[in-house]
>>> print(open('work00.txt').read())   # compact mmCIF, C-alpha atoms
# COMPACT_ATOMS: atom_id res chain seq x y z
CA MET A 1 -169.04 -40.84 223.03
CA VAL A 2 -171.34 -38.32 221.56
CA ARG A 3 -170.51 -35.14 223.31
CA LEU A 4 -172.00 -31.92 222.05
CA ILE A 5 -168.69 -30.95 220.48
CA THR A 6 -169.05 -33.95 218.15
CA HIS A 7 -172.74 -33.34 217.57
CA ASN A 8 -171.75 -29.86 216.37
CA LEU A 9 -169.79 -31.49 213.51
CA LEU A 10 -172.23 -34.17 212.37
CA ALA A 11 -174.63 -33.69 209.45
CA CYS A 12 -177.03 -35.95 207.58
CA HIS A 13 -175.46 -37.53 204.48
CA VAL A 14 -178.34 -39.47 202.99
CA LYS A 15 -178.33 -39.27 199.19
CA GLY A 16 -179.90 -36.00 198.05
CA CYS A 17 -180.24 -34.61 201.58
CA THR A 18 -178.05 -31.54 201.17
CA SER A 19 -179.95 -28.67 202.76
CA ASN A 20 -181.36 -28.24 206.25
CA ASN A 21 -179.42 -31.42 207.11
CA PHE A 22 -177.70 -29.84 210.14
CA PRO A 23 -177.92 -29.91 213.11
CA LEU A 24 -179.30 -33.36 213.84
CA ILE A 25 -181.98 -33.44 216.53
CA PHE A 26 -181.48 -35.59 219.62
CA GLN A 27 -184.28 -38.02 220.40
CA ASP A 28 -184.90 -40.26 223.45
CA VAL A 29 -181.45 -39.65 224.82
CA GLN A 30 -179.85 -41.00 227.96
CA ILE A 31 -177.04 -38.84 229.21
CA GLU A 32 -174.17 -39.28 231.62
CA LEU A 33 -172.15 -36.48 233.14
CA GLN A 34 -168.46 -37.11 233.39
CA GLU A 35 -165.98 -34.57 234.64
CA ALA A 36 -163.27 -33.54 232.17
CA GLU A 37 -160.16 -31.48 232.77
CA PHE A 38 -160.83 -27.79 232.14
CA ASN A 39 -158.52 -26.30 229.55
CA PRO A 40 -159.48 -22.60 229.20
CA ASP A 41 -157.12 -22.11 226.27
CA PHE A 42 -158.76 -24.93 224.33
CA VAL A 43 -162.28 -23.68 225.02
CA THR A 44 -161.37 -20.10 224.06
CA HIS A 45 -159.92 -21.20 220.73
CA ILE A 46 -162.73 -23.57 219.93
CA LEU A 47 -165.37 -20.86 220.23
CA PRO A 48 -165.09 -19.49 216.65
CA ARG A 49 -165.21 -23.06 215.24
CA LEU A 50 -168.64 -23.80 216.70
CA GLU A 51 -172.05 -23.40 215.11
CA TRP A 52 -173.36 -21.53 218.12
CA GLY A 53 -177.09 -21.78 217.49
CA ALA A 54 -176.81 -25.51 216.90
CA LEU A 55 -174.93 -25.90 220.16
CA VAL A 56 -177.48 -23.92 222.16
CA ASP A 57 -180.36 -26.00 220.73
CA ALA A 58 -178.56 -29.30 221.27
CA ALA A 59 -177.79 -28.32 224.87
CA LYS A 60 -181.48 -27.58 225.46
CA GLN A 61 -182.40 -30.99 224.01
CA VAL A 62 -180.23 -32.67 226.63
CA GLY A 63 -181.55 -30.46 229.42
CA ASP A 64 -178.94 -27.70 229.71
CA THR A 65 -180.16 -24.13 229.23
CA SER A 66 -177.11 -22.30 230.54
CA LEU A 67 -175.72 -20.92 227.27
CA PRO A 68 -176.65 -17.44 225.97
CA PRO A 69 -178.65 -17.51 222.72
CA GLU A 70 -176.04 -15.44 220.85
CA ARG A 71 -172.36 -16.28 220.59
CA PRO A 72 -170.69 -14.17 223.26
CA GLU A 73 -168.07 -11.67 222.15
CA MET A 74 -166.21 -11.76 225.43
CA MET A 75 -165.69 -14.89 227.45
CA ASP A 76 -165.26 -14.55 231.19
CA ASP A 77 -164.12 -17.44 233.33
CA ASP A 78 -167.67 -18.46 234.31
CA LEU A 79 -168.80 -18.62 230.72
CA LEU A 80 -165.69 -20.56 229.68
CA ARG A 81 -166.40 -23.11 232.40
CA GLN A 82 -170.02 -23.33 231.35
CA LEU A 83 -169.06 -23.86 227.72
CA HIS A 84 -166.49 -26.46 228.78
CA HIS A 85 -169.21 -28.31 230.69
CA VAL A 86 -171.66 -28.28 227.78
CA LEU A 87 -169.09 -29.33 225.18
CA MET A 88 -166.97 -31.82 227.09
CA GLU A 89 -168.85 -33.20 230.10
CA ILE A 90 -172.30 -34.16 228.81
CA HIS A 91 -172.13 -37.61 227.20
CA VAL A 92 -175.05 -38.92 225.20
CA VAL A 93 -174.89 -42.66 225.79
CA GLU A 94 -178.10 -43.94 224.18
CA GLY A 95 -180.69 -42.50 221.85
CA ALA A 96 -180.79 -41.24 218.30
CA MET A 97 -180.15 -38.19 216.15
CA ILE A 98 -182.79 -37.28 213.59
CA CYS A 99 -182.19 -35.30 210.40
CA PRO A 100 -184.40 -32.18 210.40
CA ASN A 101 -184.81 -32.51 206.63
CA CYS A 102 -185.25 -36.17 205.64
CA LYS A 103 -185.96 -37.54 209.16
CA HIS A 104 -183.30 -40.23 208.85
CA SER A 105 -182.50 -41.60 212.29
CA TYR A 106 -178.89 -42.17 213.35
CA PRO A 107 -178.88 -44.41 216.41
CA ILE A 108 -176.52 -43.94 219.37
CA SER A 109 -175.65 -47.04 221.35
CA ASN A 110 -173.04 -47.40 224.11
CA GLY A 111 -171.94 -43.87 223.32
CA ILE A 112 -171.16 -44.65 219.68
CA PRO A 113 -173.22 -42.89 217.00
CA ASN A 114 -173.97 -45.00 213.95
CA MET A 115 -173.51 -42.86 210.82
CA LEU A 116 -173.46 -45.84 208.44
CA LEU A 117 -175.96 -45.74 205.62
CA ALA A 118 -177.40 -48.56 203.53
CA GLU A 119 -175.94 -48.70 200.03
CA HIS A 120 -178.99 -47.14 198.35
CA GLU A 121 -178.88 -44.20 200.78
CA ILE A 122 -175.30 -43.21 199.94
CA GLY A 123 -174.91 -40.08 197.84
CA MET U 1 -142.43 -62.31 207.77
CA ARG U 2 -145.77 -61.68 206.18
CA THR U 3 -146.47 -63.59 203.02
CA VAL U 4 -148.46 -61.42 200.70
CA THR U 5 -150.49 -62.89 197.85
CA THR U 6 -151.94 -61.04 194.91
CA THR U 7 -155.70 -60.92 194.53
CA VAL U 8 -158.29 -59.93 191.96
CA ILE U 9 -161.42 -58.03 192.95
CA ALA U 10 -164.23 -60.17 191.57
CA ASP U 11 -167.12 -58.70 193.59
CA SER U 12 -168.36 -55.14 193.60
CA PRO U 13 -165.73 -53.11 195.49
CA GLN U 14 -168.23 -52.40 198.28
CA ALA U 15 -169.05 -56.09 198.79
CA TYR U 16 -165.36 -56.92 198.54
CA GLU U 17 -164.46 -54.45 201.28
CA ASP U 18 -167.29 -55.75 203.48
CA ARG U 19 -165.92 -59.25 203.22
CA HIS U 20 -162.17 -58.75 203.11
CA VAL U 21 -161.74 -55.61 205.23
CA HIS U 22 -164.68 -54.83 207.53
CA ALA U 23 -165.53 -58.40 208.57
CA VAL U 24 -161.88 -59.18 209.15
CA TYR U 25 -161.17 -56.18 211.40
CA ASP U 26 -164.24 -56.92 213.48
CA GLN U 27 -162.89 -60.45 214.00
CA ILE U 28 -159.29 -59.55 214.79
CA ALA U 29 -159.98 -56.25 216.60
CA GLU U 30 -158.60 -57.12 220.00
CA HIS U 31 -155.52 -58.98 218.79
CA PHE U 32 -154.84 -56.35 216.14
CA SER U 33 -155.11 -53.57 218.68
CA SER U 34 -152.62 -55.21 221.03
CA THR U 35 -150.00 -54.89 218.29
CA ARG U 36 -150.73 -51.30 217.36
CA TYR U 37 -149.44 -48.94 219.96
CA LYS U 38 -146.46 -47.08 218.55
CA PRO U 39 -147.27 -43.86 216.70
CA TRP U 40 -145.10 -43.06 213.72
CA PRO U 41 -142.81 -39.99 213.96
CA ILE U 42 -144.17 -37.93 211.06
CA ILE U 43 -147.73 -38.37 212.32
CA THR U 44 -146.67 -37.47 215.85
CA LYS U 45 -145.00 -34.30 214.58
CA PHE U 46 -148.02 -33.37 212.44
CA LEU U 47 -150.25 -33.56 215.52
CA SER U 48 -147.73 -31.77 217.75
CA ASP U 49 -147.58 -28.82 215.36
CA LEU U 50 -151.35 -28.15 215.50
CA PRO U 51 -152.53 -24.89 217.10
CA VAL U 52 -154.48 -25.14 220.34
CA GLY U 53 -158.25 -25.51 220.01
CA TRP U 54 -158.22 -27.25 216.65
CA ILE U 55 -160.67 -30.04 215.91
CA GLY U 56 -159.73 -32.95 213.66
CA LEU U 57 -160.87 -36.20 212.16
CA ASP U 58 -158.98 -39.49 212.26
CA SER U 59 -160.57 -41.29 209.32
CA GLY U 60 -160.04 -45.02 209.85
CA THR U 61 -158.94 -44.59 213.45
CA GLY U 62 -158.66 -48.33 214.21
CA ASN U 63 -157.81 -48.70 217.89
CA GLY U 64 -157.55 -44.93 218.23
CA LYS U 65 -153.84 -44.76 218.96
CA TYR U 66 -153.60 -41.22 217.55
CA LEU U 67 -156.60 -39.86 219.47
CA PRO U 68 -154.62 -39.05 222.67
CA LEU U 69 -151.89 -37.09 220.83
CA PRO U 70 -150.07 -34.75 221.10
CA ALA U 71 -148.71 -36.46 224.19
CA GLU U 72 -146.77 -33.40 225.41
CA ARG U 73 -149.93 -31.25 225.65
CA PRO U 74 -152.94 -33.57 225.95
CA GLY U 75 -156.33 -31.95 225.46
CA SER U 76 -154.98 -29.03 223.42
CA VAL U 77 -156.69 -30.36 220.28
CA LEU U 78 -159.61 -32.74 219.84
CA THR U 79 -159.45 -35.60 217.36
CA VAL U 80 -162.65 -37.48 216.52
CA GLY U 81 -162.11 -41.10 215.46
CA LEU U 82 -164.11 -42.62 212.60
CA ASP U 83 -164.03 -46.32 211.76
CA ARG U 84 -166.03 -49.02 210.00
CA SER U 85 -165.27 -51.63 212.67
CA ARG U 86 -167.43 -51.28 215.74
CA ASN U 87 -165.24 -53.67 217.69
CA LEU U 88 -162.20 -51.49 217.06
CA LEU U 89 -164.18 -48.38 218.05
CA GLN U 90 -165.01 -49.93 221.41
CA ILE U 91 -161.26 -50.09 221.99
CA ALA U 92 -160.67 -46.63 220.51
CA GLN U 93 -163.24 -45.15 222.92
CA HIS U 94 -160.76 -45.65 225.75
CA ALA U 95 -157.50 -45.01 223.88
CA GLY U 96 -154.82 -43.63 226.16
CA GLY U 97 -156.81 -44.34 229.32
CA ARG U 98 -155.59 -46.40 232.24
CA PRO U 99 -157.51 -48.64 234.60
CA GLY U 100 -158.88 -46.37 237.31
CA ALA U 101 -158.44 -43.30 235.11
CA PRO U 102 -160.98 -43.75 232.35
CA ILE U 103 -160.81 -41.41 229.41
CA MET U 104 -163.54 -41.14 226.84
CA ARG U 105 -162.60 -40.42 223.23
CA GLU U 106 -165.00 -39.18 220.62
CA VAL U 107 -165.64 -41.95 218.13
CA VAL U 108 -168.10 -42.34 215.27
CA TRP U 109 -169.14 -45.54 213.51
CA GLY U 110 -169.08 -44.88 209.80
CA ASP U 111 -167.48 -45.45 206.44
CA VAL U 112 -164.60 -43.28 205.26
CA LEU U 113 -166.52 -42.78 202.01
CA GLY U 114 -169.48 -41.39 203.93
CA ASN U 115 -169.81 -37.66 204.36
CA GLY U 116 -171.61 -37.25 207.67
CA TRP U 117 -170.03 -33.92 208.58
CA ARG U 118 -170.94 -30.34 207.91
CA ALA U 119 -168.64 -29.13 205.14
CA GLY U 120 -165.31 -27.78 206.36
CA ALA U 121 -166.13 -28.58 209.99
CA PHE U 122 -162.64 -29.82 210.83
CA ASP U 123 -159.33 -28.00 211.05
CA TYR U 124 -157.35 -31.13 210.21
CA ALA U 125 -157.81 -34.71 209.13
CA ILE U 126 -155.52 -37.71 209.24
CA SER U 127 -156.10 -41.01 207.48
CA ILE U 128 -153.48 -43.53 208.45
CA ALA U 129 -153.31 -46.97 206.80
CA THR U 130 -156.92 -46.79 205.63
CA ILE U 131 -157.29 -45.61 202.03
CA HIS U 132 -155.34 -48.70 200.89
CA HIS U 133 -158.30 -50.83 202.01
CA LEU U 134 -160.58 -49.27 199.38
CA ALA U 135 -161.02 -51.69 196.52
CA SER U 136 -161.03 -49.47 193.43
CA TYR U 137 -159.17 -46.46 192.10
CA GLU U 138 -162.37 -44.35 192.10
CA ARG U 139 -163.10 -45.24 195.70
CA ARG U 140 -159.56 -44.39 196.81
CA LYS U 141 -159.88 -41.03 195.05
CA LEU U 142 -163.24 -40.42 196.72
CA GLY U 143 -161.56 -41.29 200.03
CA ILE U 144 -159.14 -38.38 199.52
CA GLN U 145 -161.97 -36.09 198.41
CA ARG U 146 -163.92 -36.82 201.58
CA LEU U 147 -160.91 -35.59 203.57
CA LEU U 148 -160.66 -32.44 201.44
CA GLN U 149 -164.39 -31.78 201.93
CA CYS U 150 -164.43 -32.16 205.69
CA VAL U 151 -161.61 -29.71 206.49
CA SER U 152 -161.64 -25.93 206.40
CA PRO U 153 -161.04 -24.70 202.82
CA ALA U 154 -159.03 -21.81 204.26
CA HIS U 155 -156.59 -23.59 206.56
CA GLY U 156 -157.36 -27.34 206.67
CA ARG U 157 -154.40 -29.66 207.10
CA ILE U 158 -154.41 -33.27 205.94
CA LEU U 159 -152.02 -36.21 206.41
CA VAL U 160 -152.52 -39.51 204.56
CA TYR U 161 -150.54 -42.75 204.93
CA VAL U 162 -150.95 -45.80 202.70
CA TRP U 163 -149.07 -49.06 202.29
CA SER U 164 -146.28 -49.09 199.77
CA ILE U 165 -145.05 -51.71 197.33
CA GLU U 166 -141.58 -50.89 198.61
CA GLN U 167 -141.43 -52.87 201.80
CA ASP U 168 -138.60 -52.44 204.22
CA GLU U 169 -139.40 -53.73 207.67
CA LEU U 170 -136.04 -52.78 209.13
CA SER U 171 -135.39 -49.37 207.66
CA LYS U 172 -136.12 -46.31 209.71
CA ARG U 173 -135.10 -43.94 207.00
CA SER U 174 -137.49 -41.60 205.33
CA ILE U 175 -136.87 -41.44 201.61
CA PRO U 176 -138.32 -38.50 199.71
CA VAL U 177 -140.28 -39.38 196.62
CA ASP U 178 -138.71 -38.06 193.44
CA ALA U 179 -140.49 -35.32 191.60
CA ILE U 180 -140.45 -37.40 188.48
CA TYR U 181 -142.72 -40.38 188.72
CA GLU U 182 -142.58 -43.56 186.80
CA ALA U 183 -145.47 -43.57 184.41
CA GLU U 184 -148.05 -46.30 184.64
CA SER U 185 -147.17 -47.43 188.12
CA LEU U 186 -150.58 -48.46 189.28
CA GLY U 187 -149.84 -50.39 192.43
CA THR U 188 -151.10 -53.87 193.09
CA ASP U 189 -153.98 -55.60 194.90
CA VAL U 190 -152.99 -58.09 197.58
CA PHE U 191 -154.14 -60.13 200.54
CA VAL U 192 -152.15 -59.68 203.71
CA PRO U 193 -152.69 -62.51 206.17
CA TRP U 194 -153.39 -61.85 209.83
CA VAL U 195 -152.50 -64.92 211.85
CA MET U 196 -154.20 -65.16 215.19
CA PRO U 197 -153.81 -67.90 217.78
CA GLN U 198 -157.14 -69.41 218.78
CA GLN U 199 -157.57 -70.25 222.45
CA ASN U 200 -160.76 -72.13 221.90
CA ALA U 201 -161.46 -72.58 218.24
CA SER U 202 -164.80 -74.30 218.61
CA ARG U 203 -166.30 -71.41 220.58
CA SER U 204 -164.82 -68.53 218.60
CA LYS U 205 -166.03 -69.49 215.17
CA PRO U 206 -166.88 -66.36 213.25
CA ARG U 207 -170.51 -65.98 212.39
CA GLY U 208 -170.98 -66.59 208.71
CA GLN U 209 -167.50 -65.44 207.80
CA THR U 210 -165.69 -68.73 207.56
CA SER U 211 -164.82 -68.01 203.96
CA ALA U 212 -162.66 -65.09 205.08
CA ARG U 213 -160.27 -67.27 206.97
CA ASP U 214 -158.64 -70.65 207.01
CA GLN U 215 -158.05 -72.70 210.08
CA GLN U 216 -155.11 -74.92 210.62
CA THR U 217 -154.12 -77.01 213.55
CA GLN U 218 -150.44 -76.83 214.33
CA PRO U 219 -148.66 -79.05 216.79
CA SER U 220 -146.90 -76.97 219.43
CA GLY U 221 -145.21 -78.90 222.18
CA ALA U 222 -147.52 -81.26 223.98
CA SER U 223 -150.75 -79.40 223.21
CA GLU U 224 -152.14 -78.32 219.90
CA THR U 225 -152.54 -74.66 219.02
CA THR U 226 -155.13 -73.66 216.51
CA VAL U 227 -154.27 -70.77 214.30
CA ALA U 228 -156.75 -68.74 212.29
CA THR U 229 -155.59 -66.84 209.25
CA TYR U 230 -157.60 -63.86 208.14
CA ASN U 231 -156.80 -62.32 204.80
CA ARG U 232 -157.11 -58.55 204.62
CA TYR U 233 -157.39 -56.79 201.31
CA TYR U 234 -154.83 -54.06 200.56
CA HIS U 235 -154.03 -51.98 197.56
CA MET U 236 -150.25 -51.58 197.73
CA PHE U 237 -149.40 -48.17 196.32
CA ALA U 238 -146.70 -47.70 193.71
CA LYS U 239 -144.13 -44.94 193.91
CA GLY U 240 -145.79 -41.60 193.13
CA GLU U 241 -149.27 -43.09 193.04
CA LEU U 242 -150.54 -41.48 196.25
CA THR U 243 -149.45 -38.01 195.21
CA ARG U 244 -150.96 -38.46 191.74
CA LEU U 245 -154.21 -39.71 193.26
CA THR U 246 -154.27 -36.71 195.58
CA CYS U 247 -153.71 -34.23 192.75
CA GLU U 248 -156.47 -35.82 190.68
CA ALA U 249 -158.84 -35.85 193.64
CA ALA U 250 -158.17 -32.15 194.28
CA GLU U 251 -158.40 -31.07 190.65
CA GLU U 252 -161.75 -32.84 190.26
CA MET U 253 -162.97 -30.58 193.07
CA ASP U 254 -161.70 -27.53 191.17
CA LEU U 255 -158.89 -26.97 193.63
CA ILE U 256 -155.57 -25.59 192.46
CA VAL U 257 -152.69 -27.85 193.42
CA GLY U 258 -149.79 -25.64 194.45
CA SER U 259 -148.95 -22.51 196.42
CA PRO U 260 -151.62 -19.88 197.10
CA GLU U 261 -152.14 -17.66 194.03
CA GLY U 262 -154.69 -15.33 192.44
CA VAL U 263 -157.81 -13.88 194.02
CA GLU U 264 -160.90 -15.73 195.14
CA ARG U 265 -159.28 -19.04 194.39
CA ARG U 266 -159.19 -22.25 196.37
CA GLY U 267 -156.38 -24.70 196.41
CA VAL U 268 -154.30 -27.24 198.22
CA GLU U 269 -150.57 -27.26 198.70
CA ILE U 270 -148.48 -30.41 199.04
CA ILE U 271 -146.33 -29.70 202.08
CA GLN U 272 -144.40 -32.96 201.91
CA ASP U 273 -144.64 -36.42 200.44
CA GLY U 274 -142.40 -39.40 200.89
CA TRP U 275 -141.86 -42.91 202.12
CA GLU U 276 -141.56 -43.98 205.72
CA ARG U 277 -141.48 -47.51 207.09
CA SER U 278 -143.12 -49.29 204.18
CA ASN U 279 -145.67 -46.53 203.70
CA TYR U 280 -146.13 -43.58 201.41
CA TYR U 281 -147.45 -40.38 202.91
CA VAL U 282 -148.62 -37.01 201.72
CA GLU U 283 -149.26 -33.89 203.80
CA LEU U 284 -151.58 -31.19 202.45
CA ARG U 285 -152.69 -27.71 203.39
CA CYS U 286 -155.80 -26.08 202.01
CA TRP U 287 -155.82 -22.39 201.12
CA LYS U 288 -158.28 -19.78 200.00
CA THR U 289 -157.37 -16.36 198.60
>>> encode(input="work00.txt", output="structure tokens")
Amino acid sequence: MVRLITHNLLACHVKGCTSNNFPLIFQDVQIELQEAEFNPDFVTHILPRLEWGALVDAAKQVGDTSLPPERPEMMDDDLLRQLHHVLMEIHVVEGAMICPNCKHSYPISNGIPNMLLAEHEIG
Amino acid sequence: MRTVTTTVIADSPQAYEDRHVHAVYDQIAEHFSSTRYKPWPIITKFLSDLPVGWIGLDSGTGNGKYLPLPAERPGSVLTVGLDRSRNLLQIAQHAGGRPGAPIMREVVWGDVLGNGWRAGAFDYAISIATIHHLASYERRKLGIQRLLQCVSPAHGRILVYVWSIEQDELSKRSIPVDAIYEAESLGTDVFVPWVMPQQNASRSKPRGQTSARDQQTQPSGASETTVATYNRYYHMFAKGELTRLTCEAAEEMDLIVGSPEGVERRGVEIIQDGWERSNYYVELRCWKT
């Protein structure tokens, strides 16, 4: 599935597209919410690994505006649960991700993002 | 016993992999997956030793059997599975789940030579039984470099397994690779057959891929069983070849191979390399001073 935790890792890799190629922008998405077990330790430790601004924007694109615009310094239980929900419980099932730079479209179908490129697009 | 035949790569490596790796795995996905359920001990330990909250890539995840690990503390790390076979990914999506208790894994459809990640996004990467499907030396080296690029330059951990020329189906020993390597051991290119019983051969004909397999009809008791043989391309690694390939891949990226040293340097340390169950493996750790 494309959860926002995975979206936070993906970047455009079309040949020559090396700047402003992250984060990809969600387009025409269908989402499903699916409960996942809350592991506060995991969420706490994942915080410094995230590109926070990219996560906040991606969450907005799928209709969740609960995260603060700046990466919080202290995480209370409510915020940890909120972050857990955004990262782990929102599944993008259908749609596409568009590169902000070259506009390449990476389709998502049945929860699987297609990051394959045609041979001439590979860097 | 598998009968392995040598092969020569006549096509472009990309076209060769499409035909003799990707098309085959899409055809055999379900049957293949039903035989791949037992994680290997060194891989299990590698995943069990990861700190909580780490994010990793399983490059060539197949049926995703490593995605649920570590079994003793599920959910403490998150492994994203990448594979070229969409049919295998559909299985990997639910790896470790049970009927009535669905689990969704993170999977991405892509090529291991692609680079669709922000640089250094992962804390660890594993590539198990995958790099040996790449049909040229340069492509296998690039496969290692993609792993080095996607993990953190400061602390990234990498584990790679490839098929070895030294085959020992019965041995459970792990034999360390000598420090001194035989020169000019370049491995060998082979086809490894996958034999799959066909319930209804007329209906399950592969679309446009008949050249990748041979069909035989074998008498079995009263009824006839049709068997399809799919040949998968492998590069069988020679002793020392994986470690050499890794060093070359790292040095081309201006990484120092060895223990951390100097100031403002980047490098990669070989934590262990060896042979286990017909495979060579190498474990790496990235460092930055």
>>> closest_residue(input="work00.txt", among="A:Gln30, A:Gln61, A:Asn114, A:Ser109", to="chain U", atoms="only C-alpha atoms")
A:Asn114
>>> atom_distance(input="work00.txt", atom1="atom CA of U:Tyr234", atom2="atom CA of U:Thr130")
9.1 Å
>>> interface_residues(input="work00.txt", of="chain U", to="chain A", cutoff="6 Å", atoms="all atoms listed in the file", output="ChimeraX atom specification")
/U:52-53,76,106,108-110,115-118,121
>>> residues_around(input="work00.txt", residues="U:Arg266", least_positions_apart="3", cutoff="9 Å", atoms="only C-alpha atoms", output="list in words")
Pro153, Ala154, Asp254, Leu255, Ile256, Pro260, Glu261, Val263, Cys286, Trp287, Lys288 and Thr289 of chain U
>>> residues_near_point(input="work00.txt", point="(-165.1, -30.7, 195.1)", cutoff="10 Å", atoms="only C-alpha atoms", output="number ranges by chain")
U: 145-146, 148-149, 249-255
>>> closest_residue(input="work00.txt", among="A:Glu35, A:His85, A:Pro68, A:Ala58", to="A:Met97", atoms="only C-alpha atoms")
A:Ala58
>>> atom_distance(input="work00.txt", atom1="atom CA of U:Thr35", atom2="atom CA of U:Gln198")
16.2 Å
>>> atom_distance(input="work00.txt", atom1="atom CA of U:Thr246", atom2="atom CA of U:Leu88")
27.3 Å
>>> residues_near_point(input="work00.txt", point="(-156.5, -60.2, 198.1)", cutoff="7 Å", atoms="all atoms listed in the file", output="ChimeraX atom specification")
/U:5-8,189-191,232-234
>>> residues_around(input="work00.txt", residues="A:Ala96", least_positions_apart="6", cutoff="8 Å", atoms="only C-alpha atoms", output="MDAnalysis selection string")
chainID A and resid 26:29 105:108 113
